[in-house]
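J.: Quick one: this structure, given as structure tokens, is what I'll be asking you about.
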2 protein chains.
Amino acid sequence: MLRTDAARNADAVLATAARLLAENPSVSMAEIGRAAGVDRSTVYRRFPSRDALVAAMFEAKLDAAQQAIDEARVETAPFAVAVHRFLEEMIRVGRRWPVDMSLMLQDAPSRARHDEQRTRIERLVERGIRDGDVRGDLPTGWACDVLLALLDLAIHQYEDIEPGPAADLVMDSFLNATATGR
Amino acid sequence: MLRTDAARNADAVLATAARLLAENPSVSMAEIGRAAGVDRSTVYRRFPSRDALVAAMFEAKLDAAQQAIDEARVETAPFAVAVHRFLEEMIRVGRRWPVDMSLMLQDAPSRARHDEQRTRIERLVERGIRDGDVRGDLPTGWACDVLLALLDLAIHQYEDIEPGPAADLVMDSFLNATATGR
DNA sequence: CGAATATAAGACACTGATGTCGCAGATCAT
DNA sequence: ATGATCTGCGACATCAGTGTCTTATATTCG
């Protein structure tokens, strides 16, 4: 078990890494450590390599995303409710872990988790199509991609809007963008 | 004046750099050269430094974008026509130069050009709001950001859709997402 | 308090990328 | 064809980042 100060440092390093890597994917371990208020050697003590740090950070983000999707009950809640809960929680997650998942290139285990989470959202949107809430005459995946693109927008470029209202906004644009005629 | 083979090599290096940098912002000069079919020293012969190569590549992309915006007559053509022409041409530009403009961080002159181009699109969307084609009750810039986010989607994730139909799709989602009630 | 654990600081070897140079041979233009 | 230009190849110095190690000091916690 980690001592409390050591655990606090490890958390700070992870959060700082997410923040710096979001802006510059090739930040050095020294810079991450400095920004987190610890020495470079301390970073290496907790994470044996740069890759290990990056992987751990993605795991932390994936954990948070997992919880958000689970709590949104995307498989069982009514469509609109599920989408909105997913959006609001994911806006929080995305802002706490601003790093983009596309940096996680061929990290097999993390990629599998990420793909699985994405699949659950795809299924949610497909349910929206079956229920008549979303148009079905669009290219496969388009509605889902639009939803996620709008989500990214709300996360990174409208940070002054609180998660709740931001989710409202994304939801509104998404439903209109992919609305059925009825 | 450059000899024709030298010019062809320079073009290949620029295009290859855009492609590789899009996937990995820290590709080496050697890798870019190899992918472009020339030696590392040839890359350095044409571009005195890595930064110079990256800057030249962004300039090439900005030139193409400039032409697309000019030809779309975004200030004078009817709103829907201007938007569609802009989208279709920018899809071509974005696919030929897949690198993301956010990598161009503090390159002052290029950034100014980019900001200027973006401002012209913002003004186009504002005209759409004045004309009643786009809702005006959204946060400032939201409609424009949605348009550009959908454009990025069409450029990078639906490459099998031709520029024309892809522009139709983006246009449709954009107009619905930001539609006025009327 | 005192033992266990965490830390900063510095030295070190290693690697890979950058940028420069010279040269022999290939390629283009006229 | 022949002079000018371009190229690949290899060598080289330089630099920054990685990862390892040791040591002396600081912090936590029982």
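Residue numbers start at 1 in each chain; chains themselves are named A, B, ... in the order of the structure tokens; ligands are numbered from 1 in the order shown.
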Using only C-alpha atoms (C1' of nucleotides), determine which residues lie at most 7 Å from stretch 141-155 of chain A, disregarding the query and same-chain residues fewer than 2 positions distant; provide the list as a tab-separated table (two decimals) with C-alpha atoms, in the first residue's frame.
T.:
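New file around-v9.tsv:
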chain	number	residue	atom	x	y	z
A	87	LEU	CA	-23.26	13.61	-22.06
A	91	ILE	CA	-18.22	16.31	-20.15
A	94	GLY	CA	-13.35	14.81	-20.60
A	95	ARG	CA	-12.48	17.98	-18.76
A	122	GLU	CA	-23.23	3.09	-30.93
A	125	VAL	CA	-27.81	5.54	-30.94
A	138	LEU	CA	-27.86	8.46	-42.63
A	139	PRO	CA	-24.57	6.67	-43.29
A	157	GLN	CA	-14.07	24.67	-26.40
A	158	TYR	CA	-16.90	25.71	-24.11
A	159	GLU	CA	-15.37	25.04	-20.74
A	166	ALA	CA	-23.45	22.08	-21.93
A	170	VAL	CA	-25.12	19.18	-27.22
A	174	PHE	CA	-27.65	16.41	-31.81
A	178	THR	CA	-30.38	13.80	-36.67
B	146	VAL	CA	-20.61	22.75	-35.07
B	149	ALA	CA	-16.65	19.88	-36.31
B	150	LEU	CA	-18.97	18.20	-38.81
J.: Please determine the contact residues of chain D with respect to chain B at a cut-off of 10 Å, counting only C-alpha atoms (C1' of nucleotides), and supply them as a ChimeraX atom specification.
T.: /D:5-9
J.: Got a sec to pull out which chain A residues are within 6 Å of chain B, counting only C-alpha atoms, and send them as a ChimeraX atom specification?
T.: /A:173,176-177
J.: Could you write out that same residue set with C-alpha atoms as a PDB file, in the first residue's frame?
T.:
ATOM      1  CA  SER A 173     -27.977  20.175 -31.544  1.00  0.00           C
ATOM      2  CA  ASN A 176     -32.060  18.378 -34.345  1.00  0.00           C
ATOM      3  CA  ALA A 177     -29.134  17.369 -36.540  1.00  0.00           C
TER       4      ALA A 177
END
J.: As a short mmCIF file (atom, residue, chain, number, x, y, z; two decimals) with N, CA and C atoms, in the first residue's frame, please: every residue in chain B that DSSP puts in alpha helix (DSSP H).
T.:
data_model
loop_
_atom_site.label_atom_id
_atom_site.label_comp_id
_atom_site.auth_asym_id
_atom_site.auth_seq_id
_atom_site.Cartn_x
_atom_site.Cartn_y
_atom_site.Cartn_z
N THR B 4 12.78 20.52 -62.37
CA THR B 4 11.46 19.87 -62.23
C THR B 4 11.48 18.70 -61.27
N ASP B 5 12.52 17.89 -61.32
CA ASP B 5 12.57 16.74 -60.40
C ASP B 5 12.69 17.22 -58.96
N ALA B 6 13.44 18.28 -58.77
CA ALA B 6 13.59 18.81 -57.41
C ALA B 6 12.27 19.34 -56.89
N ALA B 7 11.52 20.02 -57.77
CA ALA B 7 10.22 20.54 -57.36
C ALA B 7 9.27 19.40 -57.02
N ARG B 8 9.32 18.35 -57.83
CA ARG B 8 8.45 17.20 -57.58
C ARG B 8 8.78 16.59 -56.22
N ASN B 9 10.07 16.47 -55.93
CA ASN B 9 10.48 15.92 -54.64
C ASN B 9 10.00 16.80 -53.48
N ALA B 10 10.14 18.11 -53.65
CA ALA B 10 9.71 19.02 -52.59
C ALA B 10 8.22 18.87 -52.33
N ASP B 11 7.43 18.76 -53.41
CA ASP B 11 5.99 18.56 -53.24
C ASP B 11 5.69 17.26 -52.52
N ALA B 12 6.41 16.20 -52.94
CA ALA B 12 6.17 14.90 -52.31
C ALA B 12 6.49 14.96 -50.83
N VAL B 13 7.56 15.65 -50.49
CA VAL B 13 7.93 15.76 -49.08
C VAL B 13 6.84 16.51 -48.30
N LEU B 14 6.35 17.59 -48.85
CA LEU B 14 5.30 18.35 -48.17
C LEU B 14 4.05 17.50 -47.96
N ALA B 15 3.62 16.84 -49.03
CA ALA B 15 2.40 16.02 -48.92
C ALA B 15 2.60 14.88 -47.93
N THR B 16 3.75 14.24 -48.00
CA THR B 16 4.03 13.13 -47.10
C THR B 16 4.11 13.62 -45.65
N ALA B 17 4.70 14.77 -45.47
CA ALA B 17 4.79 15.33 -44.12
C ALA B 17 3.40 15.55 -43.55
N ALA B 18 2.49 16.09 -44.36
CA ALA B 18 1.12 16.32 -43.89
C ALA B 18 0.48 15.02 -43.48
N ARG B 19 0.69 13.98 -44.27
CA ARG B 19 0.08 12.69 -43.98
C ARG B 19 0.65 12.09 -42.70
N LEU B 20 1.97 12.09 -42.57
CA LEU B 20 2.58 11.44 -41.41
C LEU B 20 2.37 12.26 -40.13
N LEU B 21 2.46 13.57 -40.26
CA LEU B 21 2.28 14.41 -39.08
C LEU B 21 0.86 14.32 -38.54
N ALA B 22 -0.08 14.02 -39.43
CA ALA B 22 -1.47 13.88 -38.98
C ALA B 22 -1.60 12.70 -38.03
N GLU B 23 -0.83 11.66 -38.29
CA GLU B 23 -0.92 10.47 -37.44
C GLU B 23 -0.01 10.56 -36.23
N MET B 29 12.45 13.58 -39.41
CA MET B 29 12.74 13.97 -40.78
C MET B 29 13.11 12.74 -41.60
N ALA B 30 13.81 11.80 -41.00
CA ALA B 30 14.22 10.60 -41.72
C ALA B 30 13.00 9.81 -42.18
N GLU B 31 12.02 9.67 -41.30
CA GLU B 31 10.82 8.91 -41.66
C GLU B 31 10.04 9.61 -42.76
N ILE B 32 9.92 10.93 -42.66
CA ILE B 32 9.21 11.68 -43.70
C ILE B 32 9.91 11.49 -45.04
N GLY B 33 11.23 11.63 -45.01
CA GLY B 33 11.99 11.46 -46.24
C GLY B 33 11.80 10.07 -46.82
N ARG B 34 11.94 9.06 -45.99
CA ARG B 34 11.82 7.69 -46.47
C ARG B 34 10.45 7.47 -47.10
N ALA B 35 9.39 7.93 -46.41
CA ALA B 35 8.03 7.75 -46.93
C ALA B 35 7.83 8.51 -48.24
N ALA B 36 8.57 9.60 -48.40
CA ALA B 36 8.43 10.40 -49.62
C ALA B 36 9.37 9.91 -50.71
N ARG B 40 17.14 11.57 -46.30
CA ARG B 40 17.01 12.58 -45.26
C ARG B 40 17.71 13.89 -45.63
N SER B 41 18.90 13.74 -46.25
CA SER B 41 19.66 14.95 -46.59
C SER B 41 18.94 15.79 -47.64
N THR B 42 18.18 15.14 -48.49
CA THR B 42 17.42 15.89 -49.51
C THR B 42 16.33 16.72 -48.85
N VAL B 43 15.72 16.17 -47.82
CA VAL B 43 14.71 16.94 -47.09
C VAL B 43 15.35 18.20 -46.51
N TYR B 44 16.53 18.03 -45.90
CA TYR B 44 17.22 19.18 -45.30
C TYR B 44 17.70 20.16 -46.35
N ARG B 45 17.97 19.65 -47.58
CA ARG B 45 18.42 20.53 -48.63
C ARG B 45 17.32 21.51 -49.01
N ARG B 46 16.08 21.03 -49.00
CA ARG B 46 14.96 21.88 -49.42
C ARG B 46 14.40 22.69 -48.26
N ARG B 50 13.44 21.29 -39.37
CA ARG B 50 12.16 20.63 -39.20
C ARG B 50 11.05 21.67 -39.10
N ASP B 51 11.29 22.69 -38.30
CA ASP B 51 10.29 23.76 -38.15
C ASP B 51 9.97 24.39 -39.50
N ALA B 52 11.00 24.58 -40.32
CA ALA B 52 10.77 25.19 -41.64
C ALA B 52 9.88 24.30 -42.50
N LEU B 53 10.13 22.99 -42.42
CA LEU B 53 9.29 22.06 -43.19
C LEU B 53 7.85 22.13 -42.72
N VAL B 54 7.66 22.07 -41.41
CA VAL B 54 6.31 22.11 -40.86
C VAL B 54 5.62 23.42 -41.25
N ALA B 55 6.36 24.53 -41.15
CA ALA B 55 5.77 25.82 -41.50
C ALA B 55 5.39 25.86 -42.97
N ALA B 56 6.28 25.34 -43.84
CA ALA B 56 6.00 25.34 -45.28
C ALA B 56 4.76 24.50 -45.58
N MET B 57 4.63 23.39 -44.85
CA MET B 57 3.48 22.52 -45.08
C MET B 57 2.19 23.23 -44.67
N PHE B 58 2.22 23.92 -43.54
CA PHE B 58 1.03 24.66 -43.12
C PHE B 58 0.71 25.77 -44.11
N GLU B 59 1.75 26.41 -44.63
CA GLU B 59 1.52 27.45 -45.63
C GLU B 59 0.82 26.86 -46.85
N ALA B 60 1.27 25.67 -47.27
CA ALA B 60 0.64 25.03 -48.43
C ALA B 60 -0.83 24.74 -48.16
N LYS B 61 -1.11 24.26 -46.94
CA LYS B 61 -2.50 23.98 -46.59
C LYS B 61 -3.30 25.28 -46.53
N LEU B 62 -2.71 26.30 -45.96
CA LEU B 62 -3.41 27.58 -45.86
C LEU B 62 -3.68 28.17 -47.24
N ASP B 63 -2.72 27.99 -48.18
CA ASP B 63 -2.95 28.45 -49.55
C ASP B 63 -4.18 27.77 -50.14
N ALA B 64 -4.24 26.44 -49.96
CA ALA B 64 -5.36 25.69 -50.52
C ALA B 64 -6.67 26.13 -49.88
N ALA B 65 -6.65 26.33 -48.56
CA ALA B 65 -7.86 26.75 -47.86
C ALA B 65 -8.28 28.14 -48.31
N GLN B 66 -7.31 28.99 -48.48
CA GLN B 66 -7.58 30.36 -48.94
C GLN B 66 -8.34 30.32 -50.27
N GLN B 67 -7.81 29.51 -51.17
CA GLN B 67 -8.43 29.42 -52.48
C GLN B 67 -9.86 28.88 -52.37
N ALA B 68 -10.05 27.88 -51.51
CA ALA B 68 -11.37 27.29 -51.34
C ALA B 68 -12.36 28.33 -50.84
N ILE B 69 -11.94 29.12 -49.86
CA ILE B 69 -12.85 30.12 -49.28
C ILE B 69 -13.14 31.22 -50.29
N ASP B 70 -12.09 31.62 -51.00
CA ASP B 70 -12.29 32.66 -52.02
C ASP B 70 -13.28 32.20 -53.08
N GLU B 71 -13.06 30.98 -53.57
CA GLU B 71 -13.91 30.49 -54.66
C GLU B 71 -15.34 30.23 -54.20
N ALA B 72 -15.51 30.02 -52.91
CA ALA B 72 -16.87 29.81 -52.41
C ALA B 72 -17.62 31.14 -52.29
N PHE B 79 -26.46 32.29 -48.82
CA PHE B 79 -25.95 31.55 -47.67
C PHE B 79 -25.75 30.06 -47.95
N ALA B 80 -26.80 29.39 -48.36
CA ALA B 80 -26.73 27.94 -48.53
C ALA B 80 -25.71 27.57 -49.61
N VAL B 81 -25.66 28.36 -50.64
CA VAL B 81 -24.70 28.09 -51.72
C VAL B 81 -23.27 28.25 -51.22
N ALA B 82 -23.04 29.33 -50.50
CA ALA B 82 -21.70 29.60 -49.98
C ALA B 82 -21.26 28.48 -49.04
N VAL B 83 -22.14 28.08 -48.15
CA VAL B 83 -21.79 27.03 -47.19
C VAL B 83 -21.45 25.74 -47.93
N HIS B 84 -22.28 25.38 -48.87
CA HIS B 84 -22.04 24.11 -49.55
C HIS B 84 -20.75 24.13 -50.37
N ARG B 85 -20.53 25.22 -51.08
CA ARG B 85 -19.28 25.30 -51.86
C ARG B 85 -18.07 25.27 -50.94
N PHE B 86 -18.15 26.00 -49.84
CA PHE B 86 -17.06 25.98 -48.86
C PHE B 86 -16.82 24.56 -48.37
N LEU B 87 -17.86 23.87 -47.99
CA LEU B 87 -17.72 22.52 -47.46
C LEU B 87 -17.07 21.59 -48.48
N GLU B 88 -17.60 21.59 -49.68
CA GLU B 88 -17.10 20.64 -50.67
C GLU B 88 -15.61 20.86 -50.96
N GLU B 89 -15.24 22.12 -51.11
CA GLU B 89 -13.84 22.39 -51.40
C GLU B 89 -12.95 22.11 -50.20
N MET B 90 -13.43 22.44 -49.03
CA MET B 90 -12.62 22.22 -47.83
C MET B 90 -12.46 20.73 -47.52
N ILE B 91 -13.42 19.94 -47.94
CA ILE B 91 -13.27 18.49 -47.77
C ILE B 91 -12.10 18.00 -48.62
N ARG B 92 -12.02 18.51 -49.83
CA ARG B 92 -10.87 18.16 -50.67
C ARG B 92 -9.56 18.63 -50.03
N VAL B 93 -9.56 19.88 -49.60
CA VAL B 93 -8.34 20.44 -48.99
C VAL B 93 -7.94 19.64 -47.76
N GLY B 94 -8.88 19.36 -46.92
CA GLY B 94 -8.59 18.65 -45.67
C GLY B 94 -8.08 17.24 -45.90
N ARG B 95 -8.53 16.63 -46.98
CA ARG B 95 -8.06 15.28 -47.27
C ARG B 95 -6.69 15.29 -47.92
N ARG B 96 -6.42 16.33 -48.68
CA ARG B 96 -5.09 16.42 -49.29
C ARG B 96 -4.05 16.83 -48.24
N ALA B 108 3.49 32.59 -35.61
CA ALA B 108 2.73 33.83 -35.70
C ALA B 108 2.11 34.11 -37.08
N PRO B 109 2.91 34.18 -38.14
CA PRO B 109 2.31 34.56 -39.43
C PRO B 109 1.23 33.59 -39.90
N SER B 110 1.51 32.28 -39.81
CA SER B 110 0.51 31.30 -40.23
C SER B 110 -0.75 31.40 -39.38
N ARG B 111 -0.55 31.55 -38.10
CA ARG B 111 -1.70 31.63 -37.20
C ARG B 111 -2.60 32.80 -37.58
N ALA B 112 -1.99 33.90 -37.96
CA ALA B 112 -2.78 35.07 -38.35
C ALA B 112 -3.64 34.75 -39.58
N ARG B 113 -3.02 34.08 -40.56
CA ARG B 113 -3.79 33.70 -41.75
C ARG B 113 -4.94 32.80 -41.37
N HIS B 114 -4.65 31.82 -40.53
CA HIS B 114 -5.68 30.87 -40.13
C HIS B 114 -6.82 31.57 -39.40
N ASP B 115 -6.48 32.45 -38.51
CA ASP B 115 -7.51 33.18 -37.76
C ASP B 115 -8.38 34.00 -38.71
N GLU B 116 -7.71 34.58 -39.69
CA GLU B 116 -8.45 35.40 -40.65
C GLU B 116 -9.45 34.55 -41.43
N GLN B 117 -8.99 33.38 -41.88
CA GLN B 117 -9.89 32.49 -42.62
C GLN B 117 -11.06 32.07 -41.74
N ARG B 118 -10.74 31.77 -40.50
CA ARG B 118 -11.81 31.35 -39.60
C ARG B 118 -12.82 32.47 -39.39
N THR B 119 -12.33 33.67 -39.29
CA THR B 119 -13.22 34.82 -39.10
C THR B 119 -14.19 34.96 -40.27
N ARG B 120 -13.69 34.68 -41.46
CA ARG B 120 -14.59 34.78 -42.62
C ARG B 120 -15.72 33.76 -42.52
N ILE B 121 -15.43 32.58 -42.00
CA ILE B 121 -16.48 31.58 -41.84
C ILE B 121 -17.43 31.99 -40.72
N GLU B 122 -16.88 32.56 -39.67
CA GLU B 122 -17.74 33.04 -38.59
C GLU B 122 -18.71 34.09 -39.12
N ARG B 123 -18.19 34.96 -39.95
CA ARG B 123 -19.06 36.00 -40.51
C ARG B 123 -20.13 35.39 -41.42
N LEU B 124 -19.73 34.35 -42.15
CA LEU B 124 -20.71 33.66 -42.99
C LEU B 124 -21.85 33.10 -42.14
N VAL B 125 -21.51 32.48 -41.04
CA VAL B 125 -22.54 31.91 -40.18
C VAL B 125 -23.39 33.01 -39.56
N GLU B 126 -22.75 34.11 -39.21
CA GLU B 126 -23.54 35.23 -38.65
C GLU B 126 -24.52 35.78 -39.68
N ARG B 127 -24.09 35.76 -40.91
CA ARG B 127 -25.02 36.18 -41.96
C ARG B 127 -26.20 35.21 -42.03
N GLY B 128 -25.91 33.93 -41.87
CA GLY B 128 -26.98 32.94 -41.85
C GLY B 128 -27.97 33.21 -40.72
N ILE B 129 -27.43 33.68 -39.59
CA ILE B 129 -28.32 34.01 -38.46
C ILE B 129 -29.18 35.22 -38.81
N ARG B 130 -28.56 36.25 -39.38
CA ARG B 130 -29.34 37.45 -39.75
C ARG B 130 -30.42 37.13 -40.77
N TRP B 142 -21.12 28.88 -31.40
CA TRP B 142 -21.51 27.46 -31.36
C TRP B 142 -21.86 26.94 -32.75
N ALA B 143 -22.68 27.67 -33.47
CA ALA B 143 -23.09 27.20 -34.80
C ALA B 143 -21.87 27.02 -35.69
N CYS B 144 -20.97 27.98 -35.66
CA CYS B 144 -19.76 27.89 -36.49
C CYS B 144 -18.91 26.69 -36.07
N ASP B 145 -18.76 26.49 -34.78
CA ASP B 145 -17.96 25.36 -34.30
C ASP B 145 -18.60 24.03 -34.69
N VAL B 146 -19.92 23.98 -34.65
CA VAL B 146 -20.61 22.75 -35.07
C VAL B 146 -20.32 22.48 -36.54
N LEU B 147 -20.43 23.52 -37.33
CA LEU B 147 -20.15 23.37 -38.77
C LEU B 147 -18.75 22.81 -38.99
N LEU B 148 -17.76 23.37 -38.32
CA LEU B 148 -16.38 22.94 -38.53
C LEU B 148 -16.13 21.55 -37.96
N ALA B 149 -16.82 21.21 -36.88
CA ALA B 149 -16.65 19.88 -36.31
C ALA B 149 -17.23 18.83 -37.26
N LEU B 150 -18.38 19.14 -37.85
CA LEU B 150 -18.97 18.20 -38.81
C LEU B 150 -18.09 18.09 -40.05
N LEU B 151 -17.51 19.20 -40.44
CA LEU B 151 -16.58 19.19 -41.58
C LEU B 151 -15.40 18.27 -41.31
N ASP B 152 -14.81 18.39 -40.14
CA ASP B 152 -13.69 17.52 -39.77
C ASP B 152 -14.09 16.05 -39.82
N LEU B 153 -15.28 15.78 -39.36
CA LEU B 153 -15.79 14.41 -39.37
C LEU B 153 -15.81 13.89 -40.80
N ALA B 154 -16.38 14.68 -41.70
CA ALA B 154 -16.50 14.25 -43.10
C ALA B 154 -15.13 14.10 -43.74
N ILE B 155 -14.20 14.94 -43.35
CA ILE B 155 -12.86 14.88 -43.94
C ILE B 155 -12.13 13.61 -43.54
N HIS B 156 -12.12 13.34 -42.22
CA HIS B 156 -11.23 12.30 -41.71
C HIS B 156 -11.88 10.94 -41.50
N GLN B 157 -13.16 10.89 -41.25
CA GLN B 157 -13.75 9.61 -40.87
C GLN B 157 -14.73 9.05 -41.88
N PRO B 163 -16.42 14.09 -51.98
CA PRO B 163 -16.60 15.44 -51.45
C PRO B 163 -18.01 16.00 -51.64
N GLY B 164 -18.60 15.79 -52.81
CA GLY B 164 -19.93 16.32 -53.06
C GLY B 164 -20.98 15.79 -52.09
N PRO B 165 -21.21 14.47 -52.11
CA PRO B 165 -22.18 13.89 -51.17
C PRO B 165 -21.81 14.15 -49.71
N ALA B 166 -20.53 14.16 -49.39
CA ALA B 166 -20.11 14.43 -48.01
C ALA B 166 -20.52 15.83 -47.60
N ALA B 167 -20.36 16.78 -48.53
CA ALA B 167 -20.79 18.15 -48.24
C ALA B 167 -22.30 18.21 -48.04
N ASP B 168 -23.03 17.45 -48.85
CA ASP B 168 -24.49 17.39 -48.66
C ASP B 168 -24.81 16.95 -47.23
N LEU B 169 -24.14 15.89 -46.82
CA LEU B 169 -24.40 15.32 -45.51
C LEU B 169 -24.11 16.30 -44.39
N VAL B 170 -22.94 16.93 -44.45
CA VAL B 170 -22.57 17.90 -43.42
C VAL B 170 -23.57 19.05 -43.41
N MET B 171 -23.89 19.53 -44.59
CA MET B 171 -24.82 20.64 -44.74
C MET B 171 -26.17 20.30 -44.10
N ASP B 172 -26.64 19.11 -44.40
CA ASP B 172 -27.94 18.66 -43.87
C ASP B 172 -27.91 18.63 -42.34
N SER B 173 -26.90 18.00 -41.79
CA SER B 173 -26.82 17.91 -40.32
C SER B 173 -26.65 19.29 -39.71
N PHE B 174 -25.83 20.11 -40.33
CA PHE B 174 -25.60 21.46 -39.80
C PHE B 174 -26.89 22.28 -39.80
N LEU B 175 -27.57 22.29 -40.92
CA LEU B 175 -28.77 23.13 -41.01
C LEU B 175 -29.84 22.65 -40.03
N ASN B 176 -29.96 21.33 -39.88
CA ASN B 176 -30.94 20.84 -38.91
C ASN B 176 -30.51 21.16 -37.49
N ALA B 177 -29.22 20.94 -37.22
CA ALA B 177 -28.74 21.14 -35.86
C ALA B 177 -28.96 22.57 -35.40
#
J.: Mind listing as an mmCIF file with C-alpha atoms (C1' of nucleotides), in the first residue's frame which residues of chain C are within 10 Å of chain B, counting only C-alpha atoms (C1' of nucleotides)?
T.:
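The result, written out as out.cif:
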data_model
loop_
_atom_site.group_PDB
_atom_site.id
_atom_site.type_symbol
_atom_site.label_atom_id
_atom_site.label_comp_id
_atom_site.auth_asym_id
_atom_site.auth_seq_id
_atom_site.Cartn_x
_atom_site.Cartn_y
_atom_site.Cartn_z
ATOM 1 C "C1'" DG C 16 17.558 8.706 -31.367
ATOM 2 C "C1'" DA C 17 16.817 13.036 -33.673
ATOM 3 C "C1'" DT C 18 18.777 17.287 -35.500
ATOM 4 C "C1'" DG C 19 21.626 19.765 -38.444
ATOM 5 C "C1'" DT C 20 26.128 20.108 -41.278
ATOM 6 C "C1'" DT C 27 19.590 13.385 -63.708
ATOM 7 C "C1'" DC C 28 17.926 17.265 -66.010
ATOM 8 C "C1'" DA C 29 18.187 21.086 -69.367
#
